[in-house]
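A.B. asks: This structure is in structure tokens; I'll ask about it shortly.
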Amino acid sequence: MMNQPRAHALPDLLKGYTPHAGVSDELFDARGAMRPVWQSFIDQLSRISAAEVEARFARGDQYLRDAGVYFRHYSEGPAQERAWPLSHIPVLIAEAEWTQICDGLSQRADLLEQVLADLYGPAHLVEQGHLPAELVAGNPHWRHPMVGMTPKSGYWLHHLAFEIGRSPDGSFFVLGDRTEAPSGAGFALENRMAATRMFTDPFPRAHVRRLAGFFRNFRAALEDLAGPGREMAILTPGPNNDTYYEHTYIARYLGLMLLEGEDMIVENGQAMVRTVQGLQPLGLLWRRLDDDFVDPLELNEHSALGTPGLLGALRQQGLSMINAPGSAVLETRAFMAFYPRMAKVLLGAPLKLPNIATWWCGQARERAHVQANARQMIIGGALETGLPFAIGADAALGGEFRGAAPAPLEDWIARCGGALVGQEAVTLSTTPAWDGGRLVPRPMTIRVFAARGKDGWVFMPGGYARIGKTQDPTALAMQAGGSVADVWVMADRPVPADTLVASTSFERVPAGILPARAADNLYWLGRYVERTENAIRLLRAYHLRLAETGDPQDPTLLALAAYLGGLDLAPARPIPDALPALIDAARNAAAKVRDRFSPDGWQALNDMAKTARRFALQVEAGDDAARAMSVLLRKLSGFSGLVHENMYHFLGWRFLSLGRAQERADTMLMQLLTFAAPDAVAGSHEIAIELGDCIMTHQRRYRFGPSRETVLDLLALDGDNPRAVLYQLSEMRGHLAALPRPADSDARMSDVEKLLLELDTELRVATPDAISPEWLAAFRTHLSRVFDLLSAQYFR
């Protein structure tokens, strides 16, 4: 760094930036001169005060929070959602160098395709001794049911990711291949969105290659693979997966369905989606599920995440899958030792971009080499996958065991032999990261994404970089405290804007299909949100009266407490545990349809859940709790407005609204049974009107009261009152009329439509004086049948 070409190239934010000896650095070359690709960026950054830099970084973090970007952190306790760990300084790479990287990785992608096709086909590589048989036959990622299969597209691999690093001599090499279900492309998009919030200057941003074209080309390829009239979907393990947010994001971005295993069925070799319109043919499945769980019939029989028969659909070419099951075998660490030889055999040329030096200890000469050079190696399981430095306690690094030593190192290698692999203990290059108001060097790797397009492999011009928290290369993973940075591929001149849309014209596509499971969850989301609102109103009514009387033994309070107890909301504590549990139930239902849910709605629901948990620990009974309930009610009203008023009126909105209307009608019937009973305690009618949010309406509509008759008239029989039972029945009938009809209906009314018509008619001819508690109870029982009929027609 003593040969800086310009005096202002070493501003305060770079003072103390000292790359380690023998380590390649992204910012400075081996002579200590700043790499040209970084110069303009550092110049711009150096002109900004430290306070402004922090403010910009805060904007990026705020964007990620507002968008709901998270990853799931695993520990000994329950997995927790954690904020996306953005490293704010991007990694800059010159376009010319990036082109060389992609050229080398394109060759590698072709190699991986040919290796996989051979392993599940003629097996010449094993037969001719280019790959040891035991690395295949004994491999936990080898899927025997795939042998002899020919993918519908003719290709096994369509979406790949490569972990690359820069060696001390400045060249790049491959650390690992991601061939099973590569993650991160969606997160790369979100990193870029956050970067645009932080770095708003036209230059150097105008020279950064855009990402949208990569996804546009990939989506076009997916459409070709699916075939005309066939649906495309992402197969996810569900909300508990660590990258579930990305699954929902990519599904929304590319306009794909998000499915779980239970959403599908295989009939006559064709994968079908269970939808509210009936079974619909599926043409393409982008698998984000480990292949062992894809099909419990032919793979892991204990899997509850897959769909029985999917491999049969692949075998009969009734479905395209990205990537084909069995592709994880290519990630095996020991394969790294043989890829250079297999490249020469299959491609007729050496690898343009080498992989990390690897020696399989199942061969005598290689085992002796590992024993002699153990201090310069990482030694671990030969059949494991993942980056070389992502090792467990039963591995050795630099000649030392990570955990308890099972034996002297040399004896351990000799005894385990073919179960071990030695890989060069690489020194990762460093890149600038922001720490304590200045830039510091931190180790990094880059994940590069490739997709098979119509004309070959297409590479995302960028990606994301893993940034270490310290100099320890084993701490790059987010689970270990690492962070992730955007990667900018810098062109020599400004690049044109690019979007996912191929042209300026537009095409309005059909509304799409709604999986039955998604409809079920939307329906229950509507019910849980309404149930939560009812609980909040009840608790507020109780605590308001407690604040007024100060006497928990007041008859009205005792009646309210008894009613709350029947709902598991007994006010032994100001905010019973059941209230946060109700909000969590709504949140869990929403989590299963994140791809159909706005980020603002999700954030509003999360905010309400956090507020309820905080209040449960802080508030006191009486006025304090009543005010807390008012806060929650306003937050819930905001959420309901975001969802019900802003959500497009597709089929999903219909089911959400159906659940809301049924819960509101059922809740009102329950309340009328108690607070409009002939023998209700004094003050009960006022409670019923307050719970129905109809105090002002009652005052305007009736001269006297409230009385039992006015309460029943307003809250049960008034078709213009959005809290009345009759109003909710009208809403439900309207939504049902807009839903798909059964294929065998012959224009006749469905069972659920008949039931609602009967209930609606019964209410319209009723009078308040004729409504008895027995009538209300019977009506409520009949209304409860709506869910069973809906479920039979649409959810199953």
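Labeling convention for the structure tokens: chains A, B, ... as they appear, residues from 1 per chain, ligands from 1 in order of appearance.
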Quick one: everything within 7 Å of Val69 in chain A, counting only C-alpha atoms, minus sequence neighbours fewer than 5 positions away in the same chain. Send it as a CSV table (one decimal) with N, CA and C atoms, in the first residue's frame.

C.D. replies:
chain,number,residue,atom,x,y,z
A,64,LEU,N,-34.4,-3.8,4.1
A,64,LEU,CA,-34.5,-5.3,4.3
A,64,LEU,C,-35.5,-5.6,5.3
A,83,ALA,N,-32.6,-11.2,11.2
A,83,ALA,CA,-32.5,-10.2,10.1
A,83,ALA,C,-31.4,-10.6,9.1
A,84,TRP,N,-31.6,-10.3,7.9
A,84,TRP,CA,-30.6,-10.6,6.8
A,84,TRP,C,-29.3,-9.9,7.1
A,245,TYR,N,-37.9,-17.6,3.0
A,245,TYR,CA,-38.2,-16.3,2.4
A,245,TYR,C,-37.8,-16.2,1.0

A.B. asks: Counting only C-alpha atoms, what is within 8 Å of range 374-390 of chain A, bar same-chain residues fewer than 3 positions away, as a ChimeraX atom specification?

C.D. replies: /A:135,139-140,163,175-176,331-334,360,370-371,394-400,418-425,473-474

A.B. asks: Based on DSSP run over this structure's backbone, return all residues of range 307-406 of chain A in strand (DSSP E or B), as JSON, numbers by chain.

C.D. replies: {"A": [320, 321, 322, 355, 358, 359, 360, 377, 378, 379, 380, 381, 396, 397, 400, 401]}

A.B. asks: How many Å lie between CA of Gly229 in chain A and CA of Leu282 in chain A, rounded to one decimal?

C.D. replies: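 Interatomic distance here is 8.8 Å.
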
A.B. asks: List the neighbours of Gly129 in chain A out to 12 Å using only C-alpha atoms; skip same-chain residues closer than 4 positions along the sequence, and give me the result as a list of chain:residue names.

C.D. replies: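 With the cut-off at 12 Å, the set is A:Ala123, A:His124, A:Leu125, A:Ala133, A:Glu134, A:Leu135, A:Phe338, A:Arg341, A:Met342, A:Val345.
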
A.B. asks: Just the residues within 10 Å of Thr761 in chain A, please, counting only C-alpha atoms, with nothing from its chain fewer than 6 positions along; format it as a PyMOL selection string.

C.D. replies: chain A and resi 726+729+755

A.B. asks: With N, CA, C and O atoms retained, write the just-selected residues as a PDB file, in the first residue's frame.

C.D. replies:
ATOM      1  N   LEU A 726     -76.620 -11.271   9.483  1.00  0.00           N
ATOM      2  CA  LEU A 726     -77.200 -11.289   8.148  1.00  0.00           C
ATOM      3  C   LEU A 726     -76.249 -10.685   7.114  1.00  0.00           C
ATOM      4  O   LEU A 726     -76.122 -11.195   5.993  1.00  0.00           O
ATOM      5  N   LEU A 729     -73.648 -13.263   6.203  1.00  0.00           N
ATOM      6  CA  LEU A 729     -74.172 -14.302   5.324  1.00  0.00           C
ATOM      7  C   LEU A 729     -74.265 -13.802   3.886  1.00  0.00           C
ATOM      8  O   LEU A 729     -73.963 -14.542   2.932  1.00  0.00           O
ATOM      9  N   LEU A 755     -76.986 -24.368   1.802  1.00  0.00           N
ATOM     10  CA  LEU A 755     -77.022 -24.119   3.240  1.00  0.00           C
ATOM     11  C   LEU A 755     -77.062 -22.630   3.536  1.00  0.00           C
ATOM     12  O   LEU A 755     -77.857 -22.154   4.370  1.00  0.00           O
TER      13      LEU A 755
END

A.B. asks: Apply DSSP to the structure's backbone, then extract all residues of range 309-418 of chain A labelled helix (DSSP H, G or I) and return them as a compact mmCIF listing (two decimals) with C-alpha atoms, in the first residue's frame.

C.D. replies:
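Result went into states38.txt, see below:
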# COMPACT_ATOMS: atom_id res chain seq x y z
CA LEU A 310 -42.97 -37.86 -8.44
CA LEU A 311 -40.08 -40.02 -9.62
CA GLY A 312 -42.55 -42.03 -11.66
CA ALA A 313 -43.73 -38.82 -13.31
CA LEU A 314 -40.13 -37.95 -14.14
CA ARG A 315 -39.51 -41.44 -15.48
CA SER A 327 -27.71 -34.26 -8.52
CA ALA A 328 -26.38 -33.74 -4.98
CA VAL A 329 -23.86 -36.52 -5.62
CA LEU A 330 -21.83 -34.00 -7.64
CA GLU A 331 -21.27 -31.91 -4.49
CA ARG A 333 -15.94 -33.38 -1.68
CA ALA A 334 -14.01 -36.41 -2.89
CA PHE A 335 -15.25 -35.81 -6.45
CA MET A 336 -13.09 -32.67 -6.48
CA ALA A 337 -10.04 -34.92 -6.68
CA TYR A 339 -12.91 -33.54 -11.79
CA PRO A 340 -9.59 -32.46 -13.44
CA ARG A 341 -9.10 -35.95 -14.88
CA MET A 342 -12.77 -36.29 -15.90
CA ALA A 343 -12.60 -32.94 -17.71
CA LYS A 344 -9.86 -34.23 -19.94
CA VAL A 345 -11.79 -37.44 -20.60
CA LEU A 346 -15.22 -35.90 -21.23
CA ALA A 364 -2.21 -45.18 -1.30
CA ARG A 365 -0.13 -42.43 -2.93
CA GLU A 366 -2.68 -39.72 -2.23
CA ARG A 367 -3.15 -40.95 1.37
CA ALA A 368 0.59 -40.76 1.97
CA HIS A 369 0.63 -37.23 0.56
CA VAL A 370 -2.14 -36.16 2.92
CA GLN A 371 -0.34 -37.72 5.89
CA ALA A 372 2.88 -35.96 5.00
CA ALA A 374 -1.56 -32.67 7.05
CA ARG A 375 -0.55 -29.29 8.52
CA GLN A 376 -1.33 -27.59 5.22
CA LEU A 409 -3.63 -37.94 13.12
CA GLU A 410 -1.49 -40.19 10.92
CA ASP A 411 -3.08 -43.34 12.35
CA TRP A 412 -6.55 -41.87 11.89
CA ILE A 413 -5.87 -41.18 8.22
CA ALA A 414 -4.42 -44.67 7.71
CA ARG A 415 -7.35 -46.37 9.46
CA CYS A 416 -10.17 -44.40 7.84
CA GLY A 417 -8.60 -44.29 4.39
CA GLY A 418 -11.31 -43.98 1.76

A.B. asks: Near range 210-213 of chain A, counting only C-alpha atoms, which residues have an atom at most 7 Å away, once you skip same-chain residues fewer than 6 positions from it, shown as a list in words?

C.D. replies: Met460, Pro461, Asp498, Thr499 and Leu500 of chain A

A.B. asks: Using only N, CA, C and O atoms, please write the residues we just selected to a file, as a PDB file, in the first residue's frame.

C.D. replies:
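Final file, out-v7.pdb:
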ATOM      1  N   MET A 460     -25.606 -15.008 -13.852  1.00  0.00           N
ATOM      2  CA  MET A 460     -26.011 -13.769 -13.202  1.00  0.00           C
ATOM      3  C   MET A 460     -24.796 -12.850 -13.127  1.00  0.00           C
ATOM      4  O   MET A 460     -23.745 -13.253 -12.615  1.00  0.00           O
ATOM      5  N   PRO A 461     -24.901 -11.620 -13.649  1.00  0.00           N
ATOM      6  CA  PRO A 461     -23.749 -10.701 -13.608  1.00  0.00           C
ATOM      7  C   PRO A 461     -23.602 -10.084 -12.224  1.00  0.00           C
ATOM      8  O   PRO A 461     -23.887  -8.925 -11.987  1.00  0.00           O
ATOM      9  N   ASP A 498     -32.337  -2.436 -17.372  1.00  0.00           N
ATOM     10  CA  ASP A 498     -32.867  -3.737 -17.743  1.00  0.00           C
ATOM     11  C   ASP A 498     -33.950  -4.112 -16.752  1.00  0.00           C
ATOM     12  O   ASP A 498     -33.878  -3.770 -15.569  1.00  0.00           O
ATOM     13  N   THR A 499     -34.961  -4.817 -17.234  1.00  0.00           N
ATOM     14  CA  THR A 499     -36.051  -5.246 -16.368  1.00  0.00           C
ATOM     15  C   THR A 499     -36.412  -6.682 -16.687  1.00  0.00           C
ATOM     16  O   THR A 499     -35.911  -7.268 -17.654  1.00  0.00           O
ATOM     17  N   LEU A 500     -37.301  -7.244 -15.890  1.00  0.00           N
ATOM     18  CA  LEU A 500     -37.766  -8.604 -16.114  1.00  0.00           C
ATOM     19  C   LEU A 500     -38.662  -8.683 -17.344  1.00  0.00           C
ATOM     20  O   LEU A 500     -38.833  -9.744 -17.936  1.00  0.00           O
TER      21      LEU A 500
END

A.B. asks: Under the rule that only C-alpha atoms are counted, which of A:Thr99, A:Ser303, A:Asn373, A:Thr667 is the nearest residue to Gln728 in chain A?

C.D. replies: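 Using only C-alpha atoms, the shortest distance to Gln728 in chain A belongs to A:Thr667.
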
A.B. asks: Rank nothing, just name the residue among A:Thr674, A:Thr179, A:Ser49, A:Asn721 nearest to Asp12 in chain A, using only C-alpha atoms.

C.D. replies: A:Ser49

A.B. asks: Pick from A:Leu289, A:Met193, A:Leu514, A:Met149: nearest to Leu256 in chain A, with only C-alpha atoms counted?

C.D. replies: A:Leu514

A.B. asks: Within 12 Å of Glu758 in chain A, counting only C-alpha atoms, which residues show up once you throw out same-chain ones fewer than 5 positions away? Write them as a list in words, please.

C.D. replies: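 Residues near the query, excluding close chain neighbours: Leu726, Leu729, Ser730, Arg733, Met749, Asp751, Val752, Glu753, Leu763, Arg764, Val765, Phe779, His782, Leu783 and Val786 of chain A.
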
A.B. asks: Keeping only N, CA and C atoms, write the selected residues as a short mmCIF file (atom, residue, chain, number, x, y, z; two decimals), in the first residue's frame.

C.D. replies:
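Output file again_10.cif is given in full below:
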data_model
loop_
_atom_site.label_atom_id
_atom_site.label_comp_id
_atom_site.auth_asym_id
_atom_site.auth_seq_id
_atom_site.Cartn_x
_atom_site.Cartn_y
_atom_site.Cartn_z
N LEU A 726 -76.62 -11.27 9.48
CA LEU A 726 -77.20 -11.29 8.15
C LEU A 726 -76.25 -10.68 7.11
N LEU A 729 -73.65 -13.26 6.20
CA LEU A 729 -74.17 -14.30 5.32
C LEU A 729 -74.26 -13.80 3.89
N SER A 730 -74.67 -12.55 3.70
CA SER A 730 -74.72 -11.98 2.36
C SER A 730 -73.33 -11.92 1.75
N ARG A 733 -72.27 -15.45 0.70
CA ARG A 733 -72.95 -15.89 -0.51
C ARG A 733 -72.35 -15.21 -1.75
N MET A 749 -77.00 -25.55 -7.58
CA MET A 749 -76.36 -24.98 -6.42
C MET A 749 -75.58 -26.06 -5.68
N ASP A 751 -73.82 -27.74 -2.24
CA ASP A 751 -74.36 -27.95 -0.89
C ASP A 751 -74.13 -26.75 0.01
N VAL A 752 -72.95 -26.13 -0.11
CA VAL A 752 -72.68 -24.99 0.77
C VAL A 752 -73.52 -23.79 0.36
N GLU A 753 -73.76 -23.64 -0.93
CA GLU A 753 -74.63 -22.54 -1.38
C GLU A 753 -76.07 -22.75 -0.89
N LEU A 763 -82.94 -15.92 8.44
CA LEU A 763 -82.68 -14.65 9.14
C LEU A 763 -83.57 -13.53 8.61
N ARG A 764 -83.77 -13.51 7.31
CA ARG A 764 -84.52 -12.41 6.72
C ARG A 764 -85.99 -12.41 7.14
N VAL A 765 -86.53 -13.55 7.45
CA VAL A 765 -87.93 -13.61 7.86
C VAL A 765 -88.10 -13.60 9.37
N PHE A 779 -79.02 -22.15 15.13
CA PHE A 779 -78.53 -21.43 13.95
C PHE A 779 -77.01 -21.50 13.89
N HIS A 782 -75.87 -24.89 12.63
CA HIS A 782 -76.02 -25.02 11.19
C HIS A 782 -74.91 -24.24 10.47
N LEU A 783 -74.59 -23.05 10.97
CA LEU A 783 -73.56 -22.24 10.34
C LEU A 783 -72.20 -22.94 10.37
N VAL A 786 -70.72 -24.91 7.42
CA VAL A 786 -70.17 -24.26 6.23
C VAL A 786 -68.72 -24.69 5.99
#

A.B. asks: Enter the distance from CA of Gly652 in chain A to CA of Leu522 in chain A, in Å, rounded to one decimal.

C.D. replies: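 Separation between CA of Gly652 in chain A and CA of Leu522 in chain A: 6.6 Å.
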